[in-house]
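Enquirer: Sharing work.cif below, mmCIF, C-alpha atoms:
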```
data_work
loop_
_atom_site.group_PDB
_atom_site.id
_atom_site.type_symbol
_atom_site.label_atom_id
_atom_site.label_comp_id
_atom_site.auth_asym_id
_atom_site.auth_seq_id
_atom_site.Cartn_x
_atom_site.Cartn_y
_atom_site.Cartn_z
ATOM 1 C CA MET G 1 -9.226 -141.444 -16.380
ATOM 2 C CA SER G 2 -8.834 -140.760 -12.698
ATOM 3 C CA PHE G 3 -5.556 -140.164 -11.030
ATOM 4 C CA PHE G 4 -5.434 -143.643 -9.556
ATOM 5 C CA GLU G 5 -6.228 -145.256 -12.905
ATOM 6 C CA ASN G 6 -3.332 -143.336 -14.514
ATOM 7 C CA LEU G 7 -1.029 -144.368 -11.708
ATOM 8 C CA SER G 8 -1.979 -148.023 -12.145
ATOM 9 C CA TRP G 9 -1.253 -147.809 -15.869
ATOM 10 C CA VAL G 10 2.174 -146.321 -15.204
ATOM 11 C CA PHE G 11 3.012 -149.138 -12.804
ATOM 12 C CA SER G 12 1.932 -151.753 -15.353
ATOM 13 C CA ALA G 13 4.069 -150.155 -18.055
ATOM 14 C CA CYS G 14 7.090 -150.037 -15.771
ATOM 15 C CA SER G 15 6.599 -153.697 -14.889
ATOM 16 C CA VAL G 16 6.530 -154.664 -18.563
ATOM 17 C CA LEU G 17 9.658 -152.618 -19.281
ATOM 18 C CA ASN G 18 11.427 -154.137 -16.306
ATOM 19 C CA ARG G 19 10.673 -157.673 -17.536
ATOM 20 C CA PHE G 20 11.885 -156.708 -20.999
ATOM 21 C CA PHE G 21 15.201 -155.387 -19.657
ATOM 22 C CA ASP G 22 15.653 -158.499 -17.480
ATOM 23 C CA THR G 23 15.159 -160.724 -20.494
ATOM 24 C CA PHE G 24 17.556 -158.644 -22.561
ATOM 25 C CA ARG G 25 20.192 -158.718 -19.813
ATOM 26 C CA MET G 26 19.967 -162.513 -19.522
ATOM 27 C CA PHE G 27 20.329 -162.840 -23.290
ATOM 28 C CA CYS G 28 23.459 -160.679 -23.242
ATOM 29 C CA MET G 29 24.996 -162.669 -20.406
ATOM 30 C CA ARG G 30 24.355 -165.969 -22.221
ATOM 31 C CA ALA G 31 25.860 -164.630 -25.417
ATOM 32 C CA SER G 32 28.924 -163.414 -23.532
ATOM 33 C CA PHE G 33 29.370 -166.827 -21.868
ATOM 34 C CA GLN G 34 29.101 -168.662 -25.187
ATOM 35 C CA LYS G 35 31.624 -166.292 -26.712
ATOM 36 C CA LYS G 36 34.086 -166.909 -23.887
ATOM 37 C CA SER G 37 33.614 -170.677 -24.040
ATOM 38 C CA GLN G 38 34.478 -170.676 -27.706
ATOM 39 C CA LYS G 39 37.904 -169.201 -27.024
ATOM 40 C CA GLY G 40 39.269 -172.566 -25.675
ATOM 41 C CA PHE G 41 42.045 -173.044 -23.107
ATOM 42 C CA SER G 42 45.119 -170.898 -22.902
ATOM 43 C CA PHE G 43 48.642 -172.381 -22.976
ATOM 44 C CA VAL G 44 49.090 -171.734 -19.238
ATOM 45 C CA GLU G 45 45.841 -173.528 -18.451
ATOM 46 C CA VAL G 46 46.940 -176.538 -20.515
ATOM 47 C CA VAL G 47 50.332 -176.682 -18.755
ATOM 48 C CA ILE G 48 48.737 -176.468 -15.314
ATOM 49 C CA SER G 49 46.239 -179.190 -16.191
ATOM 50 C CA LEU G 50 48.977 -181.494 -17.446
ATOM 51 C CA PHE G 51 51.026 -180.838 -14.302
ATOM 52 C CA VAL G 52 48.106 -181.730 -12.024
ATOM 53 C CA LEU G 53 47.356 -184.867 -14.053
ATOM 54 C CA SER G 54 51.018 -185.954 -13.964
ATOM 55 C CA ILE G 55 51.126 -185.596 -10.167
ATOM 56 C CA GLY G 56 48.035 -187.747 -9.842
ATOM 57 C CA PHE G 57 49.414 -190.349 -12.258
ATOM 58 C CA VAL G 58 52.755 -190.565 -10.440
ATOM 59 C CA GLY G 59 50.951 -191.000 -7.127
ATOM 60 C CA VAL G 60 48.838 -193.846 -8.484
ATOM 61 C CA VAL G 61 51.899 -195.575 -9.986
ATOM 62 C CA ASN G 62 53.847 -195.272 -6.714
ATOM 63 C CA LEU G 63 50.932 -196.667 -4.744
ATOM 64 C CA ALA G 64 50.549 -199.608 -7.125
ATOM 65 C CA THR G 65 54.305 -200.304 -7.034
ATOM 66 C CA THR G 66 54.429 -200.220 -3.230
ATOM 67 C CA THR G 67 51.383 -202.479 -2.941
ATOM 68 C CA LEU G 68 52.862 -204.968 -5.388
ATOM 69 C CA ARG G 69 56.249 -204.973 -3.622
ATOM 70 C CA ASN G 70 54.610 -205.572 -0.230
ATOM 71 C CA SER G 71 52.542 -208.379 -1.714
ATOM 72 C CA PHE G 72 55.689 -210.112 -3.011
ATOM 73 C CA LEU G 73 57.431 -209.674 0.349
ATOM 74 C CA GLN G 74 54.497 -211.193 2.199
ATOM 75 C CA ARG G 75 54.417 -214.114 -0.232
ATOM 76 C CA ASP G 76 58.150 -214.743 0.248
ATOM 77 C CA ALA G 77 57.797 -214.481 4.028
ATOM 78 C CA VAL G 78 55.080 -217.159 4.018
ATOM 79 C CA ILE G 79 57.213 -219.480 1.847
ATOM 80 C CA ALA G 80 60.247 -218.912 4.099
ATOM 81 C CA SER G 81 58.226 -219.699 7.227
ATOM 82 C CA MET G 82 57.048 -222.966 5.685
ATOM 83 C CA LEU G 83 60.620 -223.896 4.701
ATOM 84 C CA VAL G 84 61.819 -223.121 8.240
ATOM 85 C CA GLN G 85 59.132 -225.330 9.735
ATOM 86 C CA GLU G 86 59.887 -228.115 7.247
ATOM 87 C CA GLY G 87 63.584 -228.020 8.160
ATOM 88 C CA ALA G 88 62.833 -228.397 11.871
ATOM 89 C CA GLU G 89 60.392 -231.256 11.269
ATOM 90 C CA LEU G 90 62.927 -233.099 9.095
ATOM 91 C CA VAL G 91 65.456 -232.959 11.937
ATOM 92 C CA TYR G 92 62.813 -234.420 14.244
ATOM 93 C CA ASN G 93 62.401 -237.226 11.721
ATOM 94 C CA VAL G 94 66.163 -237.929 11.791
ATOM 95 C CA ARG G 95 66.071 -238.336 15.568
ATOM 96 C CA ASP G 96 62.919 -240.501 15.461
ATOM 97 C CA THR G 97 64.321 -242.685 12.659
ATOM 98 C CA ASN G 98 67.482 -243.291 14.696
ATOM 99 C CA ILE G 99 65.386 -244.400 17.668
ATOM 100 C CA ALA G 100 63.142 -246.612 15.509
ATOM 101 C CA GLN G 101 66.186 -248.345 13.964
ATOM 102 C CA GLY G 102 67.826 -248.931 17.325
ATOM 103 C CA HIS G 103 70.615 -246.410 16.834
ATOM 104 C CA ALA G 104 71.708 -243.677 19.195
ATOM 105 C CA SER G 105 69.153 -240.849 19.203
ATOM 106 C CA PHE G 106 71.632 -238.308 17.918
ATOM 107 C CA ALA G 107 73.605 -240.488 15.523
ATOM 108 C CA GLY G 108 74.793 -238.276 12.662
ATOM 109 C CA MET G 109 73.708 -235.159 14.577
ATOM 110 C CA SER G 110 76.945 -233.751 15.964
ATOM 111 C CA GLY G 111 77.308 -230.011 16.340
ATOM 112 C CA GLY G 112 77.670 -228.033 13.125
ATOM 113 C CA SER G 113 75.796 -226.541 10.178
ATOM 114 C CA TYR G 114 73.978 -228.765 7.709
ATOM 115 C CA ARG G 115 71.467 -228.877 4.920
ATOM 116 C CA ILE G 116 68.462 -231.196 4.778
ATOM 117 C CA SER G 117 65.555 -231.778 2.401
ATOM 118 C CA SER G 118 62.569 -234.063 2.093
ATOM 119 C CA ALA G 119 64.265 -235.838 -0.838
ATOM 120 C CA ASN G 120 67.305 -236.570 1.356
ATOM 121 C CA PRO G 121 66.150 -236.466 5.013
ATOM 122 C CA THR G 122 69.631 -236.664 6.520
ATOM 123 C CA LEU G 123 71.944 -233.941 7.717
ATOM 124 C CA GLY G 124 74.527 -233.306 5.014
ATOM 125 C CA SER G 125 76.962 -230.756 3.653
ATOM 126 C CA GLY G 126 77.025 -228.636 0.509
ATOM 127 C CA SER G 127 75.458 -225.463 -0.802
ATOM 128 C CA TYR G 128 72.529 -224.150 1.214
ATOM 129 C CA GLN G 129 70.718 -222.610 -1.745
ATOM 130 C CA LEU G 130 67.401 -224.317 -2.385
ATOM 131 C CA SER G 131 66.177 -225.417 -5.797
ATOM 132 C CA MET G 132 62.765 -226.491 -7.012
ATOM 133 C CA ASP G 133 62.024 -229.635 -8.976
ATOM 134 C CA THR G 134 59.380 -230.125 -11.665
ATOM 135 C CA ASN G 135 56.791 -230.985 -9.002
ATOM 136 C CA GLY G 136 57.313 -227.702 -7.153
ATOM 137 C CA ILE G 137 59.150 -229.375 -4.242
ATOM 138 C CA TYR G 138 62.011 -227.466 -2.632
ATOM 139 C CA GLY G 139 65.323 -229.263 -2.268
ATOM 140 C CA TYR G 140 68.954 -229.148 -3.384
ATOM 141 C CA SER G 141 68.873 -231.227 -6.558
ATOM 142 C CA GLY G 142 66.273 -229.380 -8.641
ATOM 143 C CA SER G 143 67.193 -227.605 -11.849
ATOM 144 C CA ASN G 144 65.402 -224.367 -10.971
ATOM 145 C CA GLN G 145 67.345 -222.430 -8.323
ATOM 146 C CA THR G 146 65.271 -220.249 -6.033
ATOM 147 C CA LYS G 147 66.035 -217.124 -3.998
ATOM 148 C CA PHE G 148 65.857 -219.106 -0.740
ATOM 149 C CA SER G 149 68.720 -220.700 1.204
ATOM 150 C CA ARG G 150 68.193 -222.930 4.256
ATOM 151 C CA LYS G 151 70.662 -223.999 6.912
ATOM 152 C CA ILE G 152 70.216 -226.287 9.916
ATOM 153 C CA ILE G 153 72.416 -225.422 12.903
ATOM 154 C CA VAL G 154 72.937 -228.201 15.485
ATOM 155 C CA GLU G 155 74.343 -227.358 18.938
ATOM 156 C CA GLU G 156 75.185 -230.091 21.456
ATOM 157 C CA THR G 157 73.854 -229.396 24.947
ATOM 158 C CA LEU G 158 73.778 -231.398 28.165
ATOM 159 C CA THR G 159 71.420 -231.286 31.136
ATOM 160 C CA GLY G 160 72.918 -233.474 33.851
ATOM 161 C CA SER G 161 73.524 -236.783 32.107
ATOM 162 C CA VAL G 162 70.867 -236.168 29.451
ATOM 163 C CA GLN G 163 72.173 -235.208 26.043
ATOM 164 C CA LYS G 164 70.192 -232.701 24.031
ATOM 165 C CA ARG G 165 70.436 -230.929 20.718
ATOM 166 C CA LYS G 166 69.484 -227.320 20.125
ATOM 167 C CA ILE G 167 68.213 -227.092 16.543
ATOM 168 C CA THR G 168 68.018 -223.822 14.610
ATOM 169 C CA SER G 169 66.345 -223.863 11.205
ATOM 170 C CA VAL G 170 67.052 -220.623 9.326
ATOM 171 C CA VAL G 171 66.058 -219.456 5.849
ATOM 172 C CA ILE G 172 67.331 -216.331 4.086
ATOM 173 C CA TRP G 173 66.345 -214.713 0.801
ATOM 174 C CA GLY G 174 67.531 -211.622 -1.008
ATOM 175 C CA GLY G 175 71.153 -212.309 -0.013
ATOM 176 C CA SER G 176 73.778 -215.052 0.045
ATOM 177 C CA THR G 177 75.357 -214.787 3.515
ATOM 178 C CA PHE G 178 73.696 -216.039 6.675
ATOM 179 C CA PRO G 179 73.830 -213.798 9.766
ATOM 180 C CA THR G 180 76.627 -214.782 12.139
ATOM 181 C CA THR G 181 74.176 -214.703 15.058
ATOM 182 C CA ILE G 182 70.676 -216.130 14.699
ATOM 183 C CA ASP G 183 68.232 -214.370 17.002
ATOM 184 C CA THR G 184 65.442 -211.811 16.743
ATOM 185 C CA ALA G 185 67.947 -208.950 16.672
ATOM 186 C CA HIS G 186 70.238 -210.347 13.966
ATOM 187 C CA CYS G 187 67.780 -212.452 11.951
ATOM 188 C CA ALA G 188 64.695 -210.325 11.460
ATOM 189 C CA LYS G 189 62.498 -209.960 8.388
ATOM 190 C CA SER G 190 64.806 -207.317 6.928
ATOM 191 C CA ILE G 191 68.589 -207.076 7.348
ATOM 192 C CA PRO G 192 70.767 -204.315 5.858
ATOM 193 C CA ASN G 193 72.827 -205.747 3.034
ATOM 194 C CA PRO G 194 74.816 -202.883 1.451
ATOM 195 C CA PRO G 195 75.403 -202.186 -1.341
ATOM 196 C CA GLY G 196 72.570 -204.515 -2.375
ATOM 197 C CA PRO G 197 68.940 -204.481 -1.269
ATOM 198 C CA PRO G 198 67.990 -205.620 2.250
ATOM 199 C CA MET G 199 68.257 -209.340 2.979
ATOM 200 C CA HIS G 200 65.347 -211.132 4.627
ATOM 201 C CA CYS G 201 65.585 -213.854 7.217
ATOM 202 C CA SER G 202 63.273 -216.250 9.044
ATOM 203 C CA PHE G 203 64.171 -218.842 11.691
ATOM 204 C CA ALA G 204 62.843 -221.212 14.342
ATOM 205 C CA GLN G 205 64.587 -222.901 17.263
ATOM 206 C CA THR G 206 63.758 -226.071 19.173
ATOM 207 C CA GLU G 207 65.502 -228.471 21.535
ATOM 208 C CA LEU G 208 65.544 -232.260 21.084
ATOM 209 C CA GLN G 209 66.002 -234.799 23.837
ATOM 210 C CA GLU G 210 67.367 -238.299 23.428
ATOM 211 C CA ASN G 211 63.925 -239.897 23.445
#
```
Show me the file's structure as structure tokens.

Expert:
Amino acid sequence: MSFFENLSWVFSACSVLNRFFDTFRMFCMRASFQKKSQKGFSFVEVVISLFVLSIGFVGVVNLATTTLRNSFLQRDAVIASMLVQEGAELVYNVRDTNIAQGHASFAGMSGGSYRISSANPTLGSGSYQLSMDTNGIYGYSGSNQTKFSRKIIVEETLTGSVQKRKITSVVIWGGSTFPTTIDTAHCAKSIPNPPGPPMHCSFAQTELQEN
């Protein structure tokens, strides 16, 4: 053999040995990995994993609770708004009925606080807490008491010789006492009610003329 042929053979042998050692090294690494994986988790690793999982679980529960609470509040706010509007419309009906029957426009509508319902569309006295009958209608004679209370406030006003009535229809829920002043500052969606939870309030105001 020539010198170059010998050199080529040496290079080939080294290449084969190098591939052999690479294969052997990969086999050792795989065996070491399998051996480590068979050891399982340590106690510290288990505790840390449980801690991380508990944080995630608590976060999900808090989010679900907050979402559900907000959903209930929005539902109650919609119901209260409808009850407020109904109260104002019933007072309109009282005035219109008086006119249709030939009575004074504001007969039975002197200044004061009243209750009114579709079952008894006249201004009257008694408890303001609303009940629900078997047909799902809100009033004061149903057997199922609700969380809502409605009050109609009538104020006598006068513009020149024209008598008017300022009507405030207000509904509260989550409490039992109406705010002493009914406006956007004192009758908002949420009113502090210590030591109990916040009370919620909704209202609408309108002014009626004689005809």

Enquirer: For a test of reading the model, state the distance in Å between atom CA of Glu156 of chain G and atom CA of Gln209 of chain G, rounded to one decimal.

Expert: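 Distance between the two atoms: 10.6 Å.
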
Enquirer: What are the closest atom pairs, with distances in Å to one decimal, for each residue of segment 95-146 of chain G lying within 10 Å of segment 161-169 of chain G, using only C-alpha atoms, rows by chain and rising residue number, as a tab-separated table?

Expert:
```
residue	atom	partner	partner_atom	distance
G:Ser105	CA	G:Gln163	CA	9.4
G:Phe106	CA	G:Arg165	CA	8.0
G:Met109	CA	G:Arg165	CA	8.1
G:Ser110	CA	G:Arg165	CA	8.5
G:Gly111	CA	G:Arg165	CA	8.2
G:Ser113	CA	G:Thr168	CA	9.4
G:Tyr114	CA	G:Ser169	CA	9.7
G:Arg115	CA	G:Ser169	CA	9.5
G:Ile116	CA	G:Ser169	CA	10.0
```

Enquirer: Name the residues that the PyMOL selection byres ((chain G and resi 170-174) around 6) pulls out of this structure, and write them as a list in words.

Expert: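 Applying the expression gives Val84, Lys147, Phe148, Ser149, Arg150, Lys151, Ser169, Gly175, Met199, His200, Cys201, Ser202 and Phe203 of chain G.
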
Enquirer: Selection from above, C-alpha atoms, as a compact mmCIF listing (two decimals), keeping the file's coordinate frame, can you write it?

Expert:
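Result written to part-v2.txt:
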```txt
# COMPACT_ATOMS: atom_id res chain seq x y z
CA VAL G 84 61.82 -223.12 8.24
CA LYS G 147 66.04 -217.12 -4.00
CA PHE G 148 65.86 -219.11 -0.74
CA SER G 149 68.72 -220.70 1.20
CA ARG G 150 68.19 -222.93 4.26
CA LYS G 151 70.66 -224.00 6.91
CA SER G 169 66.34 -223.86 11.20
CA GLY G 175 71.15 -212.31 -0.01
CA MET G 199 68.26 -209.34 2.98
CA HIS G 200 65.35 -211.13 4.63
CA CYS G 201 65.58 -213.85 7.22
CA SER G 202 63.27 -216.25 9.04
CA PHE G 203 64.17 -218.84 11.69
```

Enquirer: To one decimal place in Å, what is the distance between atom CA of Phe51 of chain G and atom CA of Leu63 of chain G?

Expert: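 We find that atom CA of Phe51 of chain G and atom CA of Leu63 of chain G lie 18.5 Å from each other.
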
Enquirer: Taking the file as I've supplied it (selection: the PyMOL selection byres ((chain G and resi 96) around 12)), which residues are included? Please answer as an mmCIF file with C-alpha atoms, in the coordinates of the input.

Expert:
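Dumped everything to expr_37.cif:
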```cif
data_model
loop_
_atom_site.group_PDB
_atom_site.id
_atom_site.type_symbol
_atom_site.label_atom_id
_atom_site.label_comp_id
_atom_site.auth_asym_id
_atom_site.auth_seq_id
_atom_site.Cartn_x
_atom_site.Cartn_y
_atom_site.Cartn_z
ATOM 1 C CA GLU G 89 60.392 -231.256 11.269
ATOM 2 C CA LEU G 90 62.927 -233.099 9.095
ATOM 3 C CA VAL G 91 65.456 -232.959 11.937
ATOM 4 C CA TYR G 92 62.813 -234.420 14.244
ATOM 5 C CA ASN G 93 62.401 -237.226 11.721
ATOM 6 C CA VAL G 94 66.163 -237.929 11.791
ATOM 7 C CA ARG G 95 66.071 -238.336 15.568
ATOM 8 C CA THR G 97 64.321 -242.685 12.659
ATOM 9 C CA ASN G 98 67.482 -243.291 14.696
ATOM 10 C CA ILE G 99 65.386 -244.400 17.668
ATOM 11 C CA ALA G 100 63.142 -246.612 15.509
ATOM 12 C CA GLN G 101 66.186 -248.345 13.964
ATOM 13 C CA GLY G 102 67.826 -248.931 17.325
ATOM 14 C CA HIS G 103 70.615 -246.410 16.834
ATOM 15 C CA ALA G 104 71.708 -243.677 19.195
ATOM 16 C CA SER G 105 69.153 -240.849 19.203
ATOM 17 C CA PHE G 106 71.632 -238.308 17.918
ATOM 18 C CA ALA G 107 73.605 -240.488 15.523
ATOM 19 C CA PRO G 121 66.150 -236.466 5.013
ATOM 20 C CA THR G 122 69.631 -236.664 6.520
ATOM 21 C CA LEU G 208 65.544 -232.260 21.084
ATOM 22 C CA GLN G 209 66.002 -234.799 23.837
ATOM 23 C CA GLU G 210 67.367 -238.299 23.428
ATOM 24 C CA ASN G 211 63.925 -239.897 23.445
#
```

Enquirer: Hey, can you check how far atom CA of Leu158 of chain G sits from atom CA of Glu207 of chain G?

Expert: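 Going from atom CA of Leu158 of chain G over to atom CA of Glu207 of chain G covers 11.0 Å.
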
Enquirer: Hey, what comes out of the PyMOL selection byres ((chain G and resi 146) around 7) on this file? Could you write it as a list in words?

Expert: Leu130, Ser131, Met132, Asn144, Gln145, Lys147 and Phe148 of chain G

Enquirer: Atoms to include: C-alpha atoms. Write the selected residues as an mmCIF file, in the coordinates of the input.

Expert:
```cif
data_model
loop_
_atom_site.group_PDB
_atom_site.id
_atom_site.type_symbol
_atom_site.label_atom_id
_atom_site.label_comp_id
_atom_site.auth_asym_id
_atom_site.auth_seq_id
_atom_site.Cartn_x
_atom_site.Cartn_y
_atom_site.Cartn_z
ATOM 1 C CA LEU G 130 67.401 -224.317 -2.385
ATOM 2 C CA SER G 131 66.177 -225.417 -5.797
ATOM 3 C CA MET G 132 62.765 -226.491 -7.012
ATOM 4 C CA ASN G 144 65.402 -224.367 -10.971
ATOM 5 C CA GLN G 145 67.345 -222.430 -8.323
ATOM 6 C CA LYS G 147 66.035 -217.124 -3.998
ATOM 7 C CA PHE G 148 65.857 -219.106 -0.740
#
```

Enquirer: Identify which of the residues G:Cys187, G:Ile152, G:Leu50, G:Ile55 lies closest to Tyr128 of chain G, counting all atoms listed in the file when measuring atom-to-atom distances.

Expert: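 For Tyr128 of chain G, the nearest of the given residues is G:Ile152.
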